[in-house]
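Below is target36.txt, holding compact mmCIF, C-alpha atoms.
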```txt
# COMPACT_ATOMS: atom_id res chain seq x y z
CA MET A 225 102.07 81.86 118.91
CA GLN A 226 105.36 83.59 119.77
CA MET A 227 106.72 80.32 121.10
CA LEU A 228 105.72 78.58 117.87
CA GLY A 229 107.63 81.22 115.88
CA ALA A 230 110.69 80.80 118.09
CA VAL A 231 110.59 77.02 117.63
CA LYS A 232 110.25 77.48 113.87
CA ASP A 233 113.16 79.94 113.80
CA SER A 234 115.37 77.60 115.77
CA LEU A 235 114.46 74.68 113.51
CA VAL A 236 114.91 76.57 110.24
CA GLY A 237 117.86 78.69 111.36
CA SER A 238 121.12 77.32 112.65
CA LEU A 239 121.33 76.16 116.24
CA ILE A 240 124.87 77.52 116.47
CA ASN A 241 125.25 80.87 114.74
CA LEU A 242 128.68 81.19 113.13
CA THR A 243 127.87 84.39 111.26
CA GLY A 244 130.16 87.21 112.27
CA PRO A 245 133.87 87.93 112.32
CA GLY A 246 136.05 84.88 112.79
CA LYS A 247 138.69 84.31 115.44
CA TYR A 248 142.30 83.86 114.33
CA VAL A 249 145.38 82.22 115.75
CA HIS A 250 148.67 84.03 115.12
CA TRP A 251 151.86 82.02 115.40
CA GLY A 252 154.85 83.78 113.89
CA PHE A 253 154.04 84.40 110.26
CA ILE A 254 151.25 81.81 110.35
CA GLN A 255 147.74 83.15 110.69
CA ILE A 256 144.88 80.69 110.61
CA SER A 257 141.23 80.90 111.59
CA VAL A 258 140.07 78.87 114.59
CA ALA A 259 137.39 77.25 112.39
CA ASN A 260 139.99 76.01 109.90
CA LEU A 261 142.22 74.84 112.74
CA VAL A 262 139.33 72.84 114.24
CA VAL A 263 138.56 71.20 110.87
CA ILE A 264 142.24 70.31 110.34
CA GLY A 265 142.40 68.94 113.90
CA LEU A 266 139.33 66.77 113.24
CA MET A 267 140.89 65.47 110.03
CA VAL A 268 144.06 64.51 111.90
CA ILE A 269 141.97 62.73 114.57
CA VAL A 270 140.04 60.80 111.89
CA PHE A 271 143.34 59.88 110.20
CA PHE A 272 144.82 58.41 113.36
CA ALA A 273 141.50 56.77 114.31
CA ALA A 274 141.45 55.04 110.92
CA ILE A 275 144.92 53.65 111.65
CA LEU A 276 144.41 52.70 115.27
CA ILE A 277 140.82 51.42 115.50
CA PRO A 278 141.09 47.62 115.14
CA PHE A 279 139.33 45.71 112.38
CA ARG A 280 136.36 43.56 113.28
CA ARG A 281 137.45 39.95 113.83
CA HIS A 282 135.97 37.39 111.46
CA GLY A 283 134.71 34.10 112.74
CA GLY A 284 137.03 31.92 110.70
CA ARG A 285 134.61 31.39 107.87
CA GLY A 286 137.41 31.42 105.37
CA ARG A 287 137.80 29.03 102.55
CA MET B 211 164.32 35.85 94.74
CA THR B 212 162.96 36.25 91.24
CA VAL B 213 159.46 36.46 89.84
CA ALA B 214 158.01 36.07 86.42
CA ALA B 215 157.18 39.38 84.86
CA GLY B 216 155.67 39.37 81.44
CA ALA B 217 156.22 37.31 78.36
CA SER B 218 158.22 38.21 75.31
CA GLY B 219 158.23 36.11 72.18
CA GLY B 220 156.91 33.11 74.10
CA SER B 221 159.76 33.05 76.61
CA ARG B 222 159.16 34.29 80.12
CA ARG B 223 161.71 36.77 81.39
CA ARG B 224 162.51 36.62 85.09
CA ARG B 225 163.58 39.61 87.15
CA ARG B 226 164.55 40.34 90.70
CA PHE B 227 161.70 40.60 93.21
CA ASN B 228 161.08 44.20 94.23
CA PRO B 229 158.90 44.60 97.35
CA ASP B 230 157.76 48.06 96.17
CA ARG B 231 156.60 46.77 92.82
CA ASP B 232 155.87 43.04 93.02
CA VAL B 233 153.49 41.02 95.16
CA GLU B 234 153.50 37.32 95.88
CA GLU B 235 150.44 35.24 95.29
CA TRP B 236 148.27 34.84 98.42
CA HIS B 237 148.08 31.24 99.57
CA GLY B 238 146.22 31.86 102.84
CA LYS B 239 142.49 31.67 103.46
CA TYR B 240 139.94 34.06 101.99
CA LEU B 241 137.07 35.72 103.82
CA PRO B 242 133.84 37.09 102.36
CA TYR B 243 133.41 40.88 102.49
CA ASP B 244 130.22 42.74 101.59
CA LEU B 245 131.34 45.88 99.73
CA VAL B 246 127.76 46.95 98.94
CA LYS B 247 126.90 46.79 102.62
CA GLU B 248 129.95 48.89 103.49
CA PHE B 249 129.06 51.44 100.81
CA LEU B 250 125.48 51.73 102.10
CA ILE B 251 126.62 52.14 105.71
CA ALA B 252 129.09 54.86 104.64
CA LEU B 253 126.38 56.60 102.60
CA VAL B 254 123.92 56.61 105.51
CA VAL B 255 126.54 57.79 108.02
CA VAL B 256 127.72 60.63 105.74
CA SER B 257 124.12 61.65 104.92
CA VAL B 258 123.19 61.80 108.61
CA LEU B 259 126.36 63.79 109.34
CA VAL B 260 125.68 66.28 106.52
CA ALA B 261 122.03 66.78 107.48
CA GLY B 262 122.88 67.03 111.18
CA LEU B 263 125.70 69.52 110.70
CA ALA B 264 123.53 71.59 108.33
CA VAL B 265 120.81 71.83 110.99
CA ILE B 266 123.31 72.74 113.70
CA PHE B 267 125.57 75.15 111.80
CA SER B 268 123.59 76.17 108.67
CA SER B 269 125.83 77.85 106.08
CA PRO B 270 127.39 81.27 105.46
CA ASP B 271 125.02 83.81 103.97
CA ASP B 272 127.14 86.89 103.35
CA LYS B 273 125.61 89.53 101.12
CA PRO B 274 127.41 89.70 97.78
CA VAL B 275 129.56 92.72 96.95
CA THR B 276 128.02 94.44 93.95
CA VAL B 277 128.83 97.61 92.06
CA LYS B 278 125.84 99.16 93.87
CA SER B 279 127.08 98.21 97.34
CA TRP B 280 130.62 99.34 96.43
CA SER B 281 129.57 102.75 95.10
CA THR B 282 127.13 103.24 97.98
CA SER B 283 129.77 102.47 100.59
CA ASP B 284 132.66 104.30 98.92
CA ALA B 285 131.57 106.55 96.05
CA VAL B 286 134.96 108.29 95.88
CA ASP B 287 136.81 104.99 95.41
CA PHE B 288 134.31 104.12 92.70
CA ALA B 289 134.90 107.43 90.87
CA GLN B 290 138.68 107.08 91.22
CA THR B 291 138.47 103.58 89.75
CA ALA B 292 136.04 104.57 86.98
CA ILE B 293 138.44 107.20 85.63
CA THR B 294 141.21 104.58 85.38
CA GLU B 295 138.83 102.40 83.37
CA LEU B 296 138.10 105.33 81.06
CA ASP B 297 141.73 106.30 80.47
CA GLY B 298 142.91 102.68 80.25
CA THR B 299 145.30 102.68 83.21
CA SER B 300 143.43 100.26 85.50
CA ALA B 301 144.78 96.79 86.32
CA ILE B 302 142.31 95.10 83.98
CA ALA B 303 142.86 97.64 81.16
CA THR B 304 146.58 96.80 81.22
CA TYR B 305 146.26 93.08 82.06
CA GLY B 306 146.65 91.55 78.61
CA PRO B 307 145.17 88.21 77.53
CA PRO B 308 142.48 86.97 77.92
CA TYR B 309 140.91 90.44 78.23
CA ASN B 310 142.97 92.64 75.89
CA THR B 311 146.35 93.04 74.25
CA ALA B 312 147.53 95.96 76.39
CA GLY B 313 149.66 93.82 78.70
CA THR B 314 151.99 90.85 78.65
CA ALA B 315 150.49 87.46 79.47
CA GLN B 316 151.94 85.52 82.40
CA SER B 317 154.64 83.10 81.36
CA ILE B 318 157.30 80.69 82.57
CA GLY B 319 159.95 80.89 79.87
CA PRO B 320 158.25 79.91 76.61
CA PHE B 321 155.25 78.45 78.49
CA SER B 322 152.49 81.06 78.23
CA PRO B 323 149.01 79.51 77.93
CA ASN B 324 147.21 82.87 78.20
CA HIS B 325 149.20 84.18 75.24
CA TRP B 326 148.51 81.01 73.22
CA LEU B 327 144.76 81.20 73.86
CA GLY B 328 144.70 84.92 73.03
CA VAL B 329 141.96 87.42 73.84
CA HIS B 330 138.89 85.20 74.23
CA HIS B 331 137.01 87.37 76.77
CA PRO B 332 137.52 90.88 75.36
CA ILE B 333 137.01 93.79 77.72
CA ASP B 334 137.42 97.36 76.50
CA THR B 335 137.27 99.06 79.89
CA ALA B 336 136.52 102.57 78.57
CA ASN B 337 133.62 101.42 76.46
CA ASP B 338 132.33 98.49 78.54
CA TYR B 339 132.53 100.14 81.97
CA VAL B 340 131.85 103.81 81.21
CA ILE B 341 130.70 104.83 77.72
CA ALA B 342 128.30 101.98 76.84
CA PRO B 343 126.48 102.00 80.23
CA LEU B 344 126.09 105.80 80.04
CA ARG B 345 124.61 105.44 76.55
CA THR B 346 121.78 103.34 78.01
CA LEU B 347 120.55 106.17 80.26
CA PRO B 348 117.39 107.71 78.75
CA ASP B 349 116.18 111.32 78.85
CA GLN B 350 119.56 112.84 79.66
CA PRO B 351 120.47 114.95 76.59
CA GLN B 352 123.23 116.90 78.41
CA LEU B 353 124.92 113.69 79.49
CA GLN B 354 124.63 112.18 76.01
CA ALA B 355 126.15 115.36 74.56
CA ALA B 356 129.05 115.04 77.02
CA VAL B 357 129.60 111.41 76.02
CA THR B 358 129.53 112.35 72.33
CA SER B 359 131.91 115.21 73.00
CA TYR B 360 134.33 112.79 74.68
CA THR B 361 134.11 110.01 72.09
CA SER B 362 134.50 112.39 69.14
CA ALA B 363 137.54 114.18 70.65
CA SER B 364 141.09 113.30 69.61
CA PRO B 365 143.04 110.85 71.80
CA ASP B 366 145.31 113.72 72.92
CA GLN B 367 142.33 115.79 74.04
CA GLN B 368 140.80 112.78 75.81
CA ALA B 369 144.11 112.19 77.63
CA LYS B 370 144.21 115.85 78.77
CA TRP B 371 140.67 115.61 80.18
CA THR B 372 141.21 112.27 81.95
CA THR B 373 144.59 113.36 83.38
CA ALA B 374 143.02 116.52 84.76
CA TYR B 375 140.13 114.52 86.23
CA GLU B 376 142.46 111.96 87.83
CA LYS B 377 144.27 114.80 89.64
CA ALA B 378 141.01 116.41 90.73
CA VAL B 379 139.28 113.21 91.87
CA ALA B 380 142.19 112.42 94.20
CA ASP B 381 140.79 115.19 96.44
CA ALA B 382 137.13 114.33 95.87
CA THR B 383 134.56 113.99 98.62
CA PHE B 384 131.04 112.66 98.67
CA ASP B 385 128.36 114.77 100.26
CA ARG B 386 124.56 114.65 100.22
CA GLY B 387 124.34 112.09 97.45
CA ALA B 388 126.76 113.78 95.07
CA LEU B 389 130.47 113.72 94.27
CA LYS B 390 132.29 116.94 95.10
CA ILE B 391 135.25 117.30 92.72
CA PRO B 392 137.60 120.30 92.73
CA ARG B 393 137.26 122.35 89.57
CA GLY B 394 139.63 121.53 86.71
CA PRO B 395 140.01 121.40 82.93
CA TYR B 396 138.46 117.93 82.63
CA GLY B 397 135.71 118.88 80.16
CA PRO B 398 132.95 116.28 79.69
CA VAL B 399 134.67 113.69 81.89
CA GLY B 400 133.29 115.34 85.05
CA PRO B 401 129.58 114.89 84.23
CA MET B 402 130.30 111.45 82.76
CA ILE B 403 131.89 110.02 85.93
CA SER B 404 129.35 111.79 88.16
CA SER B 405 126.49 110.24 86.17
CA LEU B 406 128.19 106.85 86.20
CA THR B 407 128.51 107.09 90.00
CA SER B 408 124.80 107.91 90.33
CA MET B 409 123.98 105.06 87.96
CA ALA B 410 126.11 102.66 90.02
CA ARG B 411 124.50 103.77 93.30
CA SER B 412 121.04 103.13 91.86
CA GLY B 413 121.99 99.55 90.88
CA ALA B 414 121.48 100.21 87.16
CA LEU B 415 125.19 99.71 86.39
CA ASP B 416 125.11 96.16 87.78
CA GLY B 417 122.34 95.36 85.31
CA ALA B 418 124.12 97.10 82.42
CA LEU B 419 127.33 95.13 83.04
CA LEU B 420 125.45 91.84 83.25
CA SER B 421 123.50 92.23 80.04
CA SER B 422 123.93 89.16 77.89
CA ARG B 423 122.22 87.34 75.09
CA GLN B 424 121.11 84.57 77.43
CA PHE B 425 117.87 84.71 79.42
CA TYR B 426 119.73 83.99 82.65
CA SER B 427 123.01 85.82 82.99
CA THR B 428 125.68 83.77 84.69
CA ASP B 429 128.75 85.66 83.51
CA TYR B 430 129.79 88.04 86.29
CA THR B 431 133.28 88.62 84.88
CA LYS B 432 132.82 92.29 83.97
CA PRO B 433 131.34 93.58 87.25
CA LEU B 434 133.73 91.42 89.30
CA LEU B 435 136.80 92.75 87.48
CA PHE B 436 135.52 96.32 87.78
CA ILE B 437 135.01 95.89 91.54
CA ALA B 438 138.43 94.24 91.87
CA ASP B 439 140.09 97.27 90.28
CA GLY B 440 139.02 99.46 93.21
CA THR B 441 140.40 99.39 96.75
CA TYR B 442 137.03 98.65 98.38
CA LEU B 443 137.07 94.89 97.74
CA ALA B 444 140.74 94.59 98.72
CA ASN B 445 140.03 96.37 102.00
CA LEU B 446 137.08 94.07 102.69
CA ALA B 447 139.26 91.03 102.00
CA GLN B 448 142.02 92.38 104.23
CA GLY B 449 139.52 92.94 107.04
CA GLN B 450 138.24 89.36 106.76
CA HIS B 451 141.72 87.82 106.51
CA LEU B 452 141.06 86.80 102.92
CA SER B 453 143.90 88.68 101.29
CA GLY B 454 146.15 86.75 98.94
CA SER B 455 149.14 87.94 100.96
CA GLN B 456 147.91 86.13 104.07
CA TRP B 457 149.54 82.81 104.92
CA GLY B 458 146.90 80.27 105.88
CA MET B 459 144.08 81.84 103.87
CA MET B 460 141.56 79.12 103.04
CA ASN B 461 138.54 81.10 101.80
CA GLU B 462 136.90 80.90 105.19
CA THR B 463 133.78 83.01 105.76
CA GLY B 464 133.60 84.56 109.22
CA SER B 465 133.58 81.77 111.77
CA TYR B 466 132.83 79.11 109.15
CA PRO B 467 135.75 76.98 108.00
CA GLY B 468 137.03 77.26 104.44
CA GLN B 469 138.71 74.75 102.14
CA ALA B 470 141.44 73.10 104.20
CA TRP B 471 143.29 71.91 101.09
CA LEU B 472 143.80 75.51 99.95
CA TRP B 473 146.62 76.16 102.47
CA LEU B 474 149.21 74.57 100.21
CA TYR B 475 148.06 76.57 97.19
CA THR B 476 148.13 79.93 99.01
CA LEU B 477 151.41 79.07 100.76
CA TRP B 478 153.41 79.44 97.54
CA TYR B 479 152.27 83.06 97.13
CA GLN B 480 154.14 83.93 100.35
CA VAL B 481 157.41 82.34 99.20
CA PRO B 482 159.99 84.09 96.96
CA PRO B 483 160.15 84.44 94.00
CA MET B 484 156.35 84.02 93.69
CA LYS B 485 155.81 86.63 96.42
CA THR B 486 156.93 89.46 94.14
CA SER B 487 156.61 87.88 90.71
CA SER B 488 154.19 89.18 88.09
CA ASN B 489 153.89 85.57 86.91
CA ALA B 490 152.98 84.26 90.38
CA ASP B 491 149.62 82.74 89.33
CA LEU B 492 151.23 80.64 86.62
CA GLN B 493 154.21 79.69 88.78
CA VAL B 494 152.00 78.56 91.66
CA TRP B 495 149.77 76.64 89.25
CA GLY B 496 152.87 74.96 87.79
CA ILE B 497 154.17 73.96 91.24
CA MET B 498 150.79 72.48 92.19
CA MET B 499 150.57 70.58 88.90
CA VAL B 500 154.06 69.08 89.45
CA LEU B 501 153.14 68.09 93.03
CA THR B 502 149.83 66.58 91.84
CA LEU B 503 151.67 64.62 89.16
CA LEU B 504 154.17 63.37 91.75
CA LEU B 505 151.30 62.24 93.97
CA ALA B 506 149.53 60.46 91.10
CA LEU B 507 152.75 58.72 90.05
CA VAL B 508 153.92 57.64 93.52
CA PRO B 509 153.71 53.90 92.64
CA PHE B 510 156.15 54.46 89.78
CA ILE B 511 158.74 56.69 91.47
CA PRO B 512 161.60 54.74 93.10
CA GLY B 513 162.30 55.96 96.61
CA LEU B 514 159.00 57.78 96.96
CA ARG B 515 157.08 54.53 96.57
CA SER B 516 159.25 52.90 99.25
CA ILE B 517 158.13 55.34 101.96
CA PRO B 518 155.12 53.18 103.06
CA ARG B 519 157.45 50.20 103.47
CA TRP B 520 160.04 52.23 105.36
CA THR B 521 157.55 53.92 107.68
CA ARG B 522 155.83 50.54 108.35
CA ILE B 523 152.49 52.20 109.11
CA TYR B 524 150.81 49.28 107.34
CA ARG B 525 152.09 47.03 110.13
CA LEU B 526 150.22 49.25 112.59
CA ILE B 527 147.01 48.97 110.57
CA TRP B 528 147.32 45.16 110.22
CA ARG B 529 148.90 44.69 113.65
CA GLN B 530 146.56 41.81 114.61
CA HIS B 531 147.61 39.92 111.51
CA TYR B 532 151.30 40.35 112.35
CA ARG B 533 150.66 39.34 115.95
CA ASP B 534 148.96 36.15 114.70
CA ILE B 535 151.94 35.39 112.48
CA SER B 536 154.39 35.90 115.35
CA ALA B 537 152.29 33.71 117.66
CA LYS B 538 152.06 30.92 115.08
CA ALA B 539 155.82 31.15 114.44
CA VAL B 540 156.50 30.71 118.18
CA THR B 541 154.15 27.73 118.52
CA GLY B 542 155.61 26.14 115.41
CA LYS B 543 152.39 26.38 113.48
CA GLY B 544 153.76 28.83 110.95
CA PRO B 545 151.43 30.44 108.46
CA THR B 546 151.50 29.65 104.83
CA ALA B 547 154.17 31.39 102.86
CA ALA B 548 151.85 34.20 101.92
CA PRO B 549 152.98 37.72 102.81
CA PRO B 550 150.81 40.04 104.86
CA PRO B 551 148.55 42.60 103.21
CA SER B 552 150.67 45.46 102.04
CA PRO B 553 149.78 48.99 100.90
CA VAL B 554 152.14 48.56 97.95
CA SER B 555 150.36 47.02 95.00
CA SER B 556 151.85 45.44 91.95
CA THR B 557 152.48 47.73 89.02
CA ALA B 558 154.38 45.27 86.90
```
Structure translated into structure tokens:
Amino acid sequence: MQMLGAVKDSLVGSLINLTGPGKYVHWGFIQISVANLVVIGLMVIVFFAAILIPFRRHGGRGR
Amino acid sequence: MTVAAGASGGSRRRRRFNPDRDVEEWHGKYLPYDLVKEFLIALVVVSVLVAGLAVIFSSPDDKPVTVKSWSTSDAVDFAQTAITELDGTSAIATYGPPYNTAGTAQSIGPFSPNHWLGVHHPIDTANDYVIAPLRTLPDQPQLQAAVTSYTSASPDQQAKWTTAYEKAVADATFDRGALKIPRGPYGPVGPMISSLTSMARSGALDGALLSSRQFYSTDYTKPLLFIADGTYLANLAQGQHLSGSQWGMMNETGSYPGQAWLWLYTLWYQVPPMKTSSNADLQVWGIMMVLTLLLALVPFIPGLRSIPRWTRIYRLIWRQHYRDISAKAVTGKGPTAAPPPSPVSSTA
């Protein structure tokens, strides 16, 4: 029964608990949370991936 | 090279080809592309991502700051703020439009939208935050007599009482559920603020400030402005790195990320003259509107619209196409005269 409750809690609740004080990066006058930095980093990665990942080649079915 | 660009009176005018404005007609081959399929794939991928991330990370669930939580955590700050609402010296009491006429609306030269729109959300801090809520408390004849005594006194007498209370409450303490204020000639103001503090700590003041004609109240302006007048909320924000004076503030909650786009908006508050200006909100809004307009009008702004052509990132995106062209040029089987796909579209 206890195990069932734990499984339910882990399914309903978050698997990674981010509640609590955030961590911050200080760089001169810049102060940014690690979470925001990660999101911005992911956006930069997606931007460059969109540029660099090649298009699928078509089989010359043009008209 | 010239291209046709528009007709006037039946005669076609020709103008010089501009690579940032004009495009040549495509003479190469065409390939079918299923946009609906692409849309569906994108929808499924984003839906799976959203559901997956929600399961893994959930969402922030911070308890809201209410007048009850404020007065329970810091009753002295509440009392010190309440007296400024009663004597009309708080930030909101002296703000001006849209809440009252006691202050000057923000402006940039003659541009002052708050002044033009006038007072459309009136807040009389003395009545709305102190007197009217106290009037709703039943079975308290002594308190009601104190309120009547205050409201029927002359403005000079009211000012003497509130000034005396402001001095006394600066040294106030909170002990065993009650405010301890040094004695002073503050007349009925003492029992009024003490009762208001008790009312706030019980949660009744939250309800009184939210009362509206609608069944569901969605207008939290009054309690939010009241809370913002105190130092409690500002201290909370400072502790969570959410102060307006913090560079890089993006409304993050704890370890959850905030709105990444907000960095540019909050950046301007750290730059002079906005940093110390009383018109900072309007100035920052104006800067962001100008930048948004510039972004929207990029295809029409000479120089700015040439940046994609100068940076040649489009050649990186369509690198296979350009490789094919180079290979065909070397082997003598040159492509048709059509230009490669370009990020610059025709605006002519």
Problem set entry | Interface residues on chain A facing chain B, 6 Å, all atoms listed in the file, written as a VMD selection string | chain A and resid 238 to 240 242 244 to 246 254 to 256 259 to 260 275 286 to 287
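Rounded to one decimal, atom CA of Phe279 of chain A and atom CA of Arg522 of chain B lie 17.7 Å from each other.
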For this session: Would you mind reading off the distance between atom CA of Arg533 of chain B and atom CA of Phe249 of chain B, one decimal, in Å?
Result: 29.0 Å
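The smallest atom-to-atom distance between Thr276 of chain B and any of B:Asp366, B:Gln354, B:Leu259, B:Phe288, using all atoms listed in the file, is found for B:Phe288.
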Exercise. Pick from B:Leu452, B:Ala252, B:Leu296, B:Val540: nearest to Tyr339 of chain B, with only C-alpha atoms counted?
Worked result: B:Leu296
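Nearest to Arg386 of chain B of all the residues B:Gly328, B:Ser408, B:Pro307, B:Phe436 is B:Ser408, counting all atoms listed in the file.
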For this session: In Å, rounded to a single decimal, give me how far atom CA of Gly417 of chain B is from atom CA of Lys432 of chain B.
Result: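 These two atoms are separated by 11.0 Å.
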For this session: Measuring atom to atom with all atoms listed in the file, identify which of B:Pro392, B:Pro332, B:Pro401, B:Pro274 is nearest to Ala356 of chain B.
Result: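 Of the candidates, the smallest distance to Ala356 of chain B is held by B:Pro401.
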